[in-house]
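Report on the following structure.
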Amino acid sequence: MMAKKVAVIGAGVSGLVSLKCCVDEGLEPTCFERTGDIGGLWRFQENVEDGRASIYRSVITNTSKEMSCFSDFPMPEDFPNFLHNSKLLEYFRIFAKKFDLLKYIQFQTTVLKVKRRPDFSSSGQWEVVTQSAGKEQSAVFDAVMVCSGHHILPHIPLQSFPGIEKFKGQYFHSRQYKRPAGFEGKRILVIGIGNSASDIAVELSKEAAQVFISTRKGSWVMSRISEEGYPWDMVFHTRFSSMLRNVLPRTIVKWMMEQQMNRWFNHENYGLQPQNKYLLKEPVLNDDLPSRLLCGAIKVKPRVTGLTETSAMFEDETVEEDIDVIVFATGYTFAFPFLEESLVEVEDIGVSLYKYMFPPQLEKATLACIGLIQPLGSIFPTVELQARWATRVFKGLCSLPSQKAMMEDIVKRNEKRIDLFGTSQSQILQTNYIDYLDELASDIGAKPDLVSLLFQDPKLAVKLYFGPCNSYQYRLAGPGQWEGARRAILTQKQRILKPLKTRSLKAASALPAPLLLTLLGLLAILMALFFQIQ
């Protein structure tokens, strides 16, 4: 029997794109959203609500617009390349309006319970119990998409900070932080070295007397700006470089990674070099951190070993006195209180879900987690492909392997993840970007066939292989094909440059300097060869 009614839990990015995929596949979705609006994590609010993700006012995307848009809906060309949260939310609103998604969403509705129906082994159906305006309701669905995110439950390991109970200053998790007002002239200690820790430290360092950032293991730090000023991910995420990372010996890949990371500044000199620099742990993206360190506004410290009423002690036996504020940017744990306990098991070693989505022990594959993943690239194209695959599994157009095969895949994937990214709490959901996208696209039948394209459309094939691997590639063929995909790929450069070229310049001379230098270089090589032969 084909699944018809689908419950989508949450109207953030994953929920919105899941709705669209359901509609595309002719399913009947109903989305339950506990707040009064869409956008999830990306909708900034002044107040911090329990059970809802929370961001600070200045959050900007770490992935660029061409790498972050949905595959059949490029962002407006005048949008900047990296978006303030309010601008990204605007894109989601345009997306929801264009595909008429709001009519499927029940706002102010909390999901209390998702449980298998008594006849689940034959029907695959779920009972979903919700609460709205104090009233409980129950409905039956053929499938469920869990899109509630994993930035909700703060992880504060207070037991690792002896003396915290004596500390007289203020301390809080980074999710409580909204803006730098009120921290003027303070001495602040930020614990952690992820993206939030770095953003908050940099922002506070412009107002505070002194900011310290404490890291146990260090981190690579990258700028959003890469070669020739292009966004970092458009240079980093190409099929060619992904292939090199996969085929070259690991030691060479890691050496190359280190060279690449140290090109901007020497991490060892700045006290940031990762403890295990050979793990491909997600780098921090921050354009200002090295400059704030250079100015002395931020100082890097090792692990905190203890606290007193006003001071912090560190692993290297140094002490910093008169600390006013401690910000714990120590990440999140995740839980799904509305699911039956055994469905999504989160252990230290990882999540036991097939391809980060399907619980392998279910007799029927009618429940999928969307967005419970941290790719080394943009989350948006990732969740879109997850939703495209899940909806086709629900319809019976794609099938999953046996439980045994799924369990083996989960174990193997976890081993590979630990080998590449390490065992830290923040790496549980980490995965390689292009490999994972290609895997999902292959399951759908939407992975581009580069070999046949090389003969039919060599210009496009070269772009696909050596250019940025963005989501449009997965709309060129197969189910969900979009006739605008080829054009979107070939015109992405003008969408990148449009918001930058706001001052008109006179046309440059016929031969640009780099081309001239290249020609001179080639001439020099030819002459050298000629004289060598002589």
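In the structure tokens, the first chain shown is A, the next is B, and so on; residue numbers restart at 1 for each chain, and ligands run from 1 in the order shown.
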Show me, as JSON lines, the residues of stretch 252-359 of chain A having an atom within 10 Å of stretch 363-379 of chain A, each with the closest atom pair and its distance in Å, using only C-alpha atoms.
{"residue": "A:Leu280", "atom": "CA", "partner": "A:Leu376", "partner_atom": "CA", "distance": 9.3}
{"residue": "A:Lys281", "atom": "CA", "partner": "A:Leu376", "partner_atom": "CA", "distance": 8.7}
{"residue": "A:Glu282", "atom": "CA", "partner": "A:Leu376", "partner_atom": "CA", "distance": 6.3}
{"residue": "A:Pro283", "atom": "CA", "partner": "A:Leu376", "partner_atom": "CA", "distance": 8.8}
{"residue": "A:Phe334", "atom": "CA", "partner": "A:Leu372", "partner_atom": "CA", "distance": 9.1}
{"residue": "A:Leu343", "atom": "CA", "partner": "A:Leu367", "partner_atom": "CA", "distance": 9.4}
{"residue": "A:Val344", "atom": "CA", "partner": "A:Cys369", "partner_atom": "CA", "distance": 8.8}
{"residue": "A:Val351", "atom": "CA", "partner": "A:Leu372", "partner_atom": "CA", "distance": 9.0}
{"residue": "A:Leu353", "atom": "CA", "partner": "A:Cys369", "partner_atom": "CA", "distance": 8.4}
{"residue": "A:Tyr354", "atom": "CA", "partner": "A:Ala368", "partner_atom": "CA", "distance": 9.5}
{"residue": "A:Lys355", "atom": "CA", "partner": "A:Ile373", "partner_atom": "CA", "distance": 9.5}
{"residue": "A:Tyr356", "atom": "CA", "partner": "A:Leu372", "partner_atom": "CA", "distance": 6.6}
{"residue": "A:Met357", "atom": "CA", "partner": "A:Cys369", "partner_atom": "CA", "distance": 4.7}
{"residue": "A:Phe358", "atom": "CA", "partner": "A:Ala368", "partner_atom": "CA", "distance": 5.0}
{"residue": "A:Pro359", "atom": "CA", "partner": "A:Ala368", "partner_atom": "CA", "distance": 7.5}
Excluding A:Glu317 and its own-chain neighbours fewer than 4 positions away, which residues fall within 10 Å of it when counting only C-alpha atoms? Please give them as an mmCIF file with N, CA, C and O atoms, in the first residue's frame.
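File part.cif, as written:
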data_model
loop_
_atom_site.group_PDB
_atom_site.id
_atom_site.type_symbol
_atom_site.label_atom_id
_atom_site.label_comp_id
_atom_site.auth_asym_id
_atom_site.auth_seq_id
_atom_site.Cartn_x
_atom_site.Cartn_y
_atom_site.Cartn_z
ATOM 1 N N PRO A 302 44.419 27.175 27.477
ATOM 2 C CA PRO A 302 44.113 25.735 27.419
ATOM 3 C C PRO A 302 42.872 25.393 28.257
ATOM 4 O O PRO A 302 42.123 26.293 28.671
ATOM 5 N N VAL A 304 40.247 24.519 31.147
ATOM 6 C CA VAL A 304 40.041 25.008 32.513
ATOM 7 C C VAL A 304 40.130 23.815 33.465
ATOM 8 O O VAL A 304 39.481 22.789 33.247
ATOM 9 N N THR A 305 40.922 23.954 34.536
ATOM 10 C CA THR A 305 41.029 22.846 35.507
ATOM 11 C C THR A 305 40.286 23.153 36.798
ATOM 12 O O THR A 305 40.005 22.256 37.585
ATOM 13 N N MET A 313 41.542 28.683 36.738
ATOM 14 C CA MET A 313 42.847 28.024 36.627
ATOM 15 C C MET A 313 42.841 27.174 35.368
ATOM 16 O O MET A 313 41.814 26.588 35.019
#
For the interface of stretch 138-164 of chain A with stretch 21-39 of chain A (cut-off 12 Å, counting only C-alpha atoms), please tabulate each contacting residue of stretch 138-164 of chain A alongside its nearest pair of atoms and their separation in Å to one decimal, rows sorted by chain and increasing number, as a Markdown table.
| residue | atom | partner | partner_atom | distance |
| --- | --- | --- | --- | --- |
| A:Ala139 | CA | A:Thr30 | CA | 10.5 |
| A:Val140 | CA | A:Thr30 | CA | 11.1 |
| A:Phe141 | CA | A:Pro29 | CA | 9.2 |
| A:Asp142 | CA | A:Glu28 | CA | 9.7 |
| A:Ala143 | CA | A:Pro29 | CA | 9.3 |
| A:Val144 | CA | A:Pro29 | CA | 9.3 |
| A:Met145 | CA | A:Cys31 | CA | 9.2 |
| A:Val146 | CA | A:Cys31 | CA | 10.1 |
| A:Cys147 | CA | A:Cys31 | CA | 9.7 |
| A:Ser148 | CA | A:Glu33 | CA | 9.0 |
| A:Gly149 | CA | A:Gly39 | CA | 11.4 |
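Going from atom CA of A:Arg388 over to atom CA of A:Gly40, you cover 20.1 Å.
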Stretch 67-139 of chain A near stretch 46-58 of chain A within 9 Å: what's each residue's closest atom pair and its distance in Å to one decimal, counting only C-alpha atoms, ordered by chain then ascending residue number, as a tab-separated table?
residue	atom	partner	partner_atom	distance
A:His84	CA	A:Ser58	CA	7.0
A:Asn85	CA	A:Ser58	CA	7.6
A:Ser86	CA	A:Arg57	CA	9.0
Residue subset to file, keeping N, CA, C and O atoms, as an mmCIF file, in the first residue's frame:
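Done, and the output landed in part38.cif:
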data_model
loop_
_atom_site.group_PDB
_atom_site.id
_atom_site.type_symbol
_atom_site.label_atom_id
_atom_site.label_comp_id
_atom_site.auth_asym_id
_atom_site.auth_seq_id
_atom_site.Cartn_x
_atom_site.Cartn_y
_atom_site.Cartn_z
ATOM 1 N N HIS A 84 22.970 37.143 6.505
ATOM 2 C CA HIS A 84 22.538 37.372 7.887
ATOM 3 C C HIS A 84 21.297 36.510 8.111
ATOM 4 O O HIS A 84 20.538 36.241 7.171
ATOM 5 N N ASN A 85 21.085 36.064 9.349
ATOM 6 C CA ASN A 85 19.954 35.157 9.621
ATOM 7 C C ASN A 85 18.623 35.708 9.127
ATOM 8 O O ASN A 85 17.767 34.956 8.664
ATOM 9 N N SER A 86 18.442 37.037 9.184
ATOM 10 C CA SER A 86 17.161 37.621 8.753
ATOM 11 C C SER A 86 16.982 37.487 7.235
ATOM 12 O O SER A 86 15.877 37.315 6.743
#
If we count only C-alpha atoms and set the cut-off at 8 Å, which residues sit around stretch 237-251 of chain A, ignoring sequence neighbours fewer than 5 positions away in its own chain? Please answer as an MDAnalysis selection string.
chainID A and resid 377 433:435 464:469
How about saving the chosen residues, C-alpha atoms kept, as a PDB file, in the first residue's frame?
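Listing of selection.pdb after writing:
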ATOM      1  CA  GLY A 377      29.257  21.540   3.758  1.00  0.00           C
ATOM      2  CA  TYR A 433      29.795  16.245   2.118  1.00  0.00           C
ATOM      3  CA  ILE A 434      29.873  15.271  -1.562  1.00  0.00           C
ATOM      4  CA  ASP A 435      30.160  11.511  -0.838  1.00  0.00           C
ATOM      5  CA  LEU A 464      30.301  19.665 -12.694  1.00  0.00           C
ATOM      6  CA  TYR A 465      33.664  18.046 -12.057  1.00  0.00           C
ATOM      7  CA  PHE A 466      35.975  20.986 -11.483  1.00  0.00           C
ATOM      8  CA  GLY A 467      33.449  23.605 -10.394  1.00  0.00           C
ATOM      9  CA  PRO A 468      31.513  23.876  -7.124  1.00  0.00           C
ATOM     10  CA  CYS A 469      29.341  20.852  -6.323  1.00  0.00           C
TER      11      CYS A 469
END
Go through stretch 144-269 of chain A and collect every residue that DSSP, computed from the backbone, puts in helix (DSSP H, G or I); the answer should be as a ChimeraX atom specification.
/A:158-160,164-166,174-176,195-205,227-229,232-236,239-247,250-262
Give me, as a Markdown table, the closest atom pair and its distance (Å, one decimal) for every residue of stretch 430-469 of chain A within a cut-off of 8 Å of stretch 478-491 of chain A, counting only C-alpha atoms, rows sorted by chain and rising number.
| residue | atom | partner | partner_atom | distance |
| --- | --- | --- | --- | --- |
| A:Ile444 | CA | A:Pro479 | CA | 7.2 |
| A:Gly445 | CA | A:Gly478 | CA | 5.3 |
| A:Ala446 | CA | A:Gly478 | CA | 4.6 |
| A:Lys447 | CA | A:Gly478 | CA | 7.8 |
| A:Leu460 | CA | A:Arg486 | CA | 7.5 |
| A:Lys463 | CA | A:Leu490 | CA | 7.7 |
Got a sec: who's within 10 Å of A:Tyr436, counting only C-alpha atoms, leaving out chain neighbours fewer than 3 positions off, as an NGL selection string?
:A and (355 or 375 or 382 or 385-386 or 431-433 or 439-442)
Pick from A:Tyr474, A:Glu268, A:Thr391, A:Leu362 nearest to A:Lys404, counting only C-alpha atoms
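When distances to A:Lys404 are compared using only C-alpha atoms, the smallest one comes from A:Leu362.
For the set A:Glu408, A:Glu90, A:Glu321, A:Asp100, the residue with the smallest atom-to-atom gap to A:Thr308 is A:Glu321, counting only C-alpha atoms.
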Atom CA of A:Gly134 to atom CA of A:Val111: how many Å, to one decimal?
12.3 Å
Under the rule that only C-alpha atoms are counted, which of A:Leu520, A:Ala335, A:Val128, A:Met407 is the nearest residue to A:Val114?
A:Val128
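Taking only C-alpha atoms, the non-local environment of A:Gly169 within 8 Å (same-chain residues fewer than 4 positions away omitted) comprises Glu309, Thr310, Ile323, Asp324, Val325 and Ile326 of chain A.
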